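Note sheet for the following structure.
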Amino acid sequence: MTIEKLFTPAQRQRLYEAIPARYSCRSYAGAPSAADWASLSYAAGRYELPGTRLLLRTVDPDIFTGIVLGYGKITGCTTVAVLCASMGTPHSRIHAGVLGEAFCLEAAALGLGTCWVGGTYKRKQLEVPLQADETVLAIIAVGVPAKGSAEGHKRKPLDRLCHGNPQAWPEEILAAAKAVQLAPSALNLQPWEMKLTGERFFIDTPDRQQLDLGIALCHAELAFTTPHRWLLGDGRREPLACADFSL
Ligand SMILES: Cc1cc2nc3c(=O)[nH]c(=O)nc-3n(C[C@H](O)[C@H](O)[C@H](O)COP(=O)(O)O)c2cc1C
């Protein structure tokens, strides 16, 4: 499976429409209903990219710890998705970002809250059987939101995220840039740099934040309507990702 083939047209539309509604929910009123849990399990199983997988788990709400840069502790959450990546598989961290964010948007489409959690949880309380080269990159809290809304989105303006003049870009590329602007990122750093060169749309993160990059790729992919393929770079000097429309 590849990023450009990950979504059916119906999923693409549903998840794209969920982008403005998603926000990091830190206060939960309970677990998803049985029907929503079944939908999320189906989604977690269906989305596949090389070197990464999502496992759903029930947890004790005290698994979440501390306060990071003023973000409140997550409360009332008893269900999480555990995001695993195989370190030996190329681009597994980027793929994990795509998969985890697809999960968040599936949940948002169901009216559920989510929050990516990178480090502020008790790892020892998670019981996940890992393969030899696998590691847990993050967990994603999910559940019925008690409070919170997408209205508090604090985002850099588009021209700080893009090189050149994004307003002059083709509609589809501008839509992708706006979708990336709304993506979640660790500490809300929004580390993305986007540019359009001929038929190639580049997204990079200067400090190689691969999870944040994958999250951005998920949002951009959902905005695309014409055929393309993703090229993921390896070398230190290469941009990390580019959508090539010259097919
Ligand atoms: C990889 C990653 C790790 C994150 N880790 C945490 C965390 O440990 N605790 C937390 O409260 N929020 C965490 N967040 C949520 C971000 O703070 C949040 O996405 C960002 O502030 C933007 O806000 P929004 O998601 O409401 O748009 C994380 C987000 C990402 C993408």
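Ligands are numbered from 1 in the order shown, chains are lettered A, B, ... in the order of the structure tokens, and residues start at 1 in each chain.
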
List all protein, DNA and RNA residues that have at least one atom no more than 8 Å from any atom of ligand 1, counting only C-alpha atoms and all ligand atoms, and write them as a PDB file with N, CA and C atoms, in the first residue's frame.
ATOM      1  N   ARG A  22     -11.396  18.701  13.610  1.00  0.00           N
ATOM      2  CA  ARG A  22     -10.463  18.015  14.524  1.00  0.00           C
ATOM      3  C   ARG A  22      -9.699  19.021  15.381  1.00  0.00           C
ATOM      4  N   TYR A  23      -9.517  18.701  16.637  1.00  0.00           N
ATOM      5  CA  TYR A  23      -8.669  19.509  17.516  1.00  0.00           C
ATOM      6  C   TYR A  23      -8.161  18.579  18.607  1.00  0.00           C
ATOM      7  N   SER A  24      -7.180  19.008  19.361  1.00  0.00           N
ATOM      8  CA  SER A  24      -6.659  18.161  20.433  1.00  0.00           C
ATOM      9  C   SER A  24      -7.556  18.282  21.647  1.00  0.00           C
ATOM     10  N   CYS A  25      -8.271  17.205  21.922  1.00  0.00           N
ATOM     11  CA  CYS A  25      -9.218  17.185  23.039  1.00  0.00           C
ATOM     12  C   CYS A  25      -8.497  16.626  24.264  1.00  0.00           C
ATOM     13  N   ARG A  26      -8.546  17.346  25.374  1.00  0.00           N
ATOM     14  CA  ARG A  26      -7.828  16.892  26.573  1.00  0.00           C
ATOM     15  C   ARG A  26      -8.773  16.597  27.735  1.00  0.00           C
ATOM     16  N   ILE A  67       2.054  18.143  32.793  1.00  0.00           N
ATOM     17  CA  ILE A  67       1.599  19.270  31.997  1.00  0.00           C
ATOM     18  C   ILE A  67       2.772  19.695  31.139  1.00  0.00           C
ATOM     19  N   VAL A  68       2.573  19.742  29.842  1.00  0.00           N
ATOM     20  CA  VAL A  68       3.657  20.122  28.939  1.00  0.00           C
ATOM     21  C   VAL A  68       3.370  21.515  28.407  1.00  0.00           C
ATOM     22  N   TYR A  71      -0.097  22.801  28.450  1.00  0.00           N
ATOM     23  CA  TYR A  71      -1.221  21.952  28.054  1.00  0.00           C
ATOM     24  C   TYR A  71      -1.685  21.183  29.267  1.00  0.00           C
ATOM     25  N   GLY A  72      -2.989  21.179  29.497  1.00  0.00           N
ATOM     26  CA  GLY A  72      -3.498  20.457  30.651  1.00  0.00           C
ATOM     27  C   GLY A  72      -3.333  18.957  30.473  1.00  0.00           C
ATOM     28  N   LYS A  73      -3.331  18.261  31.610  1.00  0.00           N
ATOM     29  CA  LYS A  73      -3.272  16.802  31.586  1.00  0.00           C
ATOM     30  C   LYS A  73      -4.553  16.262  30.953  1.00  0.00           C
ATOM     31  N   ILE A  74      -4.433  15.164  30.264  1.00  0.00           N
ATOM     32  CA  ILE A  74      -5.614  14.565  29.632  1.00  0.00           C
ATOM     33  C   ILE A  74      -6.428  13.841  30.703  1.00  0.00           C
ATOM     34  N   GLY A  97       2.966   8.699  10.870  1.00  0.00           N
ATOM     35  CA  GLY A  97       2.276   9.986  10.970  1.00  0.00           C
ATOM     36  C   GLY A  97       1.022  10.008  10.109  1.00  0.00           C
ATOM     37  N   CYS A 115      -6.388  13.135  20.821  1.00  0.00           N
ATOM     38  CA  CYS A 115      -5.192  13.953  21.088  1.00  0.00           C
ATOM     39  C   CYS A 115      -3.951  13.071  20.923  1.00  0.00           C
ATOM     40  N   TRP A 116      -3.064  13.505  20.059  1.00  0.00           N
ATOM     41  CA  TRP A 116      -1.755  12.838  19.939  1.00  0.00           C
ATOM     42  C   TRP A 116      -1.006  13.039  21.255  1.00  0.00           C
ATOM     43  N   VAL A 117      -0.364  11.995  21.758  1.00  0.00           N
ATOM     44  CA  VAL A 117       0.425  12.125  22.980  1.00  0.00           C
ATOM     45  C   VAL A 117       1.796  11.479  22.728  1.00  0.00           C
ATOM     46  N   GLY A 118       2.811  12.346  22.692  1.00  0.00           N
ATOM     47  CA  GLY A 118       4.148  11.857  22.356  1.00  0.00           C
ATOM     48  C   GLY A 118       4.873  11.252  23.541  1.00  0.00           C
ATOM     49  N   GLY A 119       4.827  11.924  24.678  1.00  0.00           N
ATOM     50  CA  GLY A 119       5.658  11.423  25.777  1.00  0.00           C
ATOM     51  C   GLY A 119       5.001  11.476  27.138  1.00  0.00           C
ATOM     52  N   THR A 120       3.917  12.220  27.276  1.00  0.00           N
ATOM     53  CA  THR A 120       3.367  12.449  28.612  1.00  0.00           C
ATOM     54  C   THR A 120       2.376  11.358  29.012  1.00  0.00           C
ATOM     55  N   TYR A 121       2.902  10.135  29.006  1.00  0.00           N
ATOM     56  CA  TYR A 121       2.088   9.008  29.490  1.00  0.00           C
ATOM     57  C   TYR A 121       3.031   7.962  30.075  1.00  0.00           C
ATOM     58  N   ALA A 138       4.006   6.956  19.579  1.00  0.00           N
ATOM     59  CA  ALA A 138       3.055   7.858  20.257  1.00  0.00           C
ATOM     60  C   ALA A 138       1.801   7.063  20.561  1.00  0.00           C
ATOM     61  N   ALA A 150     -12.688  23.235  18.085  1.00  0.00           N
ATOM     62  CA  ALA A 150     -11.661  23.514  17.074  1.00  0.00           C
ATOM     63  C   ALA A 150     -11.432  25.019  16.935  1.00  0.00           C
ATOM     64  N   GLY A 152     -10.174  27.147  18.880  1.00  0.00           N
ATOM     65  CA  GLY A 152      -8.924  27.679  19.420  1.00  0.00           C
ATOM     66  C   GLY A 152      -7.698  27.418  18.565  1.00  0.00           C
ATOM     67  N   HIS A 153      -7.841  26.867  17.365  1.00  0.00           N
ATOM     68  CA  HIS A 153      -6.680  26.575  16.509  1.00  0.00           C
ATOM     69  C   HIS A 153      -5.765  27.786  16.409  1.00  0.00           C
ATOM     70  N   LYS A 154      -4.534  27.651  16.874  1.00  0.00           N
ATOM     71  CA  LYS A 154      -3.583  28.756  16.704  1.00  0.00           C
ATOM     72  C   LYS A 154      -2.628  28.337  15.602  1.00  0.00           C
ATOM     73  N   LEU A 182      -3.822  23.256   9.051  1.00  0.00           N
ATOM     74  CA  LEU A 182      -4.702  22.853  10.159  1.00  0.00           C
ATOM     75  C   LEU A 182      -4.249  21.560  10.846  1.00  0.00           C
ATOM     76  N   ALA A 183      -3.133  21.001  10.380  1.00  0.00           N
ATOM     77  CA  ALA A 183      -2.687  19.716  10.940  1.00  0.00           C
ATOM     78  C   ALA A 183      -2.146  19.908  12.359  1.00  0.00           C
ATOM     79  N   PRO A 184      -2.259  18.870  13.200  1.00  0.00           N
ATOM     80  CA  PRO A 184      -1.636  18.948  14.529  1.00  0.00           C
ATOM     81  C   PRO A 184      -0.133  18.707  14.420  1.00  0.00           C
ATOM     82  N   SER A 185       0.631  19.247  15.353  1.00  0.00           N
ATOM     83  CA  SER A 185       2.079  18.998  15.382  1.00  0.00           C
ATOM     84  C   SER A 185       2.529  19.032  16.833  1.00  0.00           C
ATOM     85  N   ALA A 186       3.628  18.345  17.120  1.00  0.00           N
ATOM     86  CA  ALA A 186       4.134  18.296  18.487  1.00  0.00           C
ATOM     87  C   ALA A 186       4.447  19.721  18.948  1.00  0.00           C
ATOM     88  N   LEU A 187       3.968  20.081  20.130  1.00  0.00           N
ATOM     89  CA  LEU A 187       4.146  21.416  20.724  1.00  0.00           C
ATOM     90  C   LEU A 187       3.632  22.532  19.820  1.00  0.00           C
ATOM     91  N   ASN A 188       2.770  22.166  18.901  1.00  0.00           N
ATOM     92  CA  ASN A 188       2.214  23.125  17.926  1.00  0.00           C
ATOM     93  C   ASN A 188       3.314  23.912  17.199  1.00  0.00           C
ATOM     94  N   LEU A 189       4.429  23.246  16.927  1.00  0.00           N
ATOM     95  CA  LEU A 189       5.554  23.938  16.273  1.00  0.00           C
ATOM     96  C   LEU A 189       5.266  24.224  14.795  1.00  0.00           C
ATOM     97  N   LEU A 211       7.298  12.370  12.180  1.00  0.00           N
ATOM     98  CA  LEU A 211       5.897  12.129  12.542  1.00  0.00           C
ATOM     99  C   LEU A 211       5.042  13.327  12.118  1.00  0.00           C
ATOM    100  N   ASP A 212       5.529  14.528  12.422  1.00  0.00           N
ATOM    101  CA  ASP A 212       4.806  15.741  12.010  1.00  0.00           C
ATOM    102  C   ASP A 212       4.715  15.829  10.489  1.00  0.00           C
ATOM    103  N   ILE A 215       1.963  13.488   9.307  1.00  0.00           N
ATOM    104  CA  ILE A 215       0.654  14.074   9.606  1.00  0.00           C
ATOM    105  C   ILE A 215       0.278  15.080   8.512  1.00  0.00           C
TER     106      ILE A 215
END

May I have all residues of stretch 3-240 of chain A that DSSP, computed from the backbone, assigns to helix (DSSP H, G or I), given as a VMD selection string?
-> chain A and resid 3 to 5 9 to 21 34 to 46 61 to 63 92 to 109 123 to 125 150 to 152 158 to 161 166 to 168 171 to 181 186 to 188 210 to 223

Residue nearest A:Thr225 - candidates A:Pro170, A:Pro206, A:Pro129, A:Pro191, atoms counted: only C-alpha atoms | A:Pro170

Could you pull the residues within 10 Å of stretch 157-169 of chain A, counting only C-alpha atoms, minus those fewer than 2 positions along the same chain, as a ChimeraX atom specification?
-> /A:154-155,171-175,177-178,180-181,190-197,202-203

Any chance you can output those residues with C-alpha atoms as a compact mmCIF listing (two decimals), in the first residue's frame?
# COMPACT_ATOMS: atom_id res chain seq x y z
CA LYS A 154 -3.58 28.76 16.70
CA ARG A 155 -1.83 28.64 13.37
CA GLU A 171 -6.59 25.51 -6.44
CA GLU A 172 -5.83 21.92 -5.47
CA ILE A 173 -2.33 22.75 -4.21
CA LEU A 174 -3.60 25.76 -2.28
CA ALA A 175 -6.26 23.51 -0.72
CA ALA A 177 -1.44 23.85 1.85
CA LYS A 178 -4.50 25.04 3.83
CA VAL A 180 -1.57 21.17 6.17
CA GLN A 181 -1.95 24.46 8.04
CA GLN A 190 4.02 23.65 12.78
CA PRO A 191 7.47 22.83 11.40
CA TRP A 192 6.35 22.53 7.79
CA GLU A 193 7.84 24.24 4.77
CA MET A 194 5.92 23.94 1.52
CA LYS A 195 6.84 24.99 -1.99
CA LEU A 196 5.69 24.36 -5.54
CA THR A 197 8.29 23.84 -8.24
CA PHE A 202 7.35 19.77 -1.64
CA ILE A 203 6.70 19.44 2.08

Tell me which protein, DNA and RNA residues are within 8 Å of A:Ala241, counting only C-alpha atoms, leaving out same-chain ones fewer than 5 positions away, and put them as a VMD selection string.
-> chain A and resid 202 to 204 230 to 233

Using only C-alpha atoms: which of A:Ala107, A:Ala146, A:Val80, A:Met87 has the shortest distance to A:Gln131 =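 Among A:Ala107, A:Ala146, A:Val80, A:Met87, it is A:Met87 that comes nearest to A:Gln131.
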
Hey, which of A:Gly66, A:Gly51, A:Pro20, A:Pro32 ends up closest to A:Pro90? Count only C-alpha atoms.
-> A:Gly51

For A:Ile139, list every protein, DNA or RNA residue within 6 Å, evaluated using only C-alpha atoms, and leave out those in the same chain fewer than 6 positions away; present the list as a ChimeraX atom specification.
-> /A:81-83,117

Atom-to-atom span, atom CA of A:Ser39 and atom CA of A:Ala10, Å = 14.8 Å

Strand (DSSP E or B) residues, from DSSP on the backbone, in stretch 16-196 of chain A, as an NGL selection string | :A and (24 or 27-30 or 49 or 52-58 or 64 or 68 or 71 or 75 or 79-86 or 113-117 or 121 or 134-147 or 162 or 193-196)
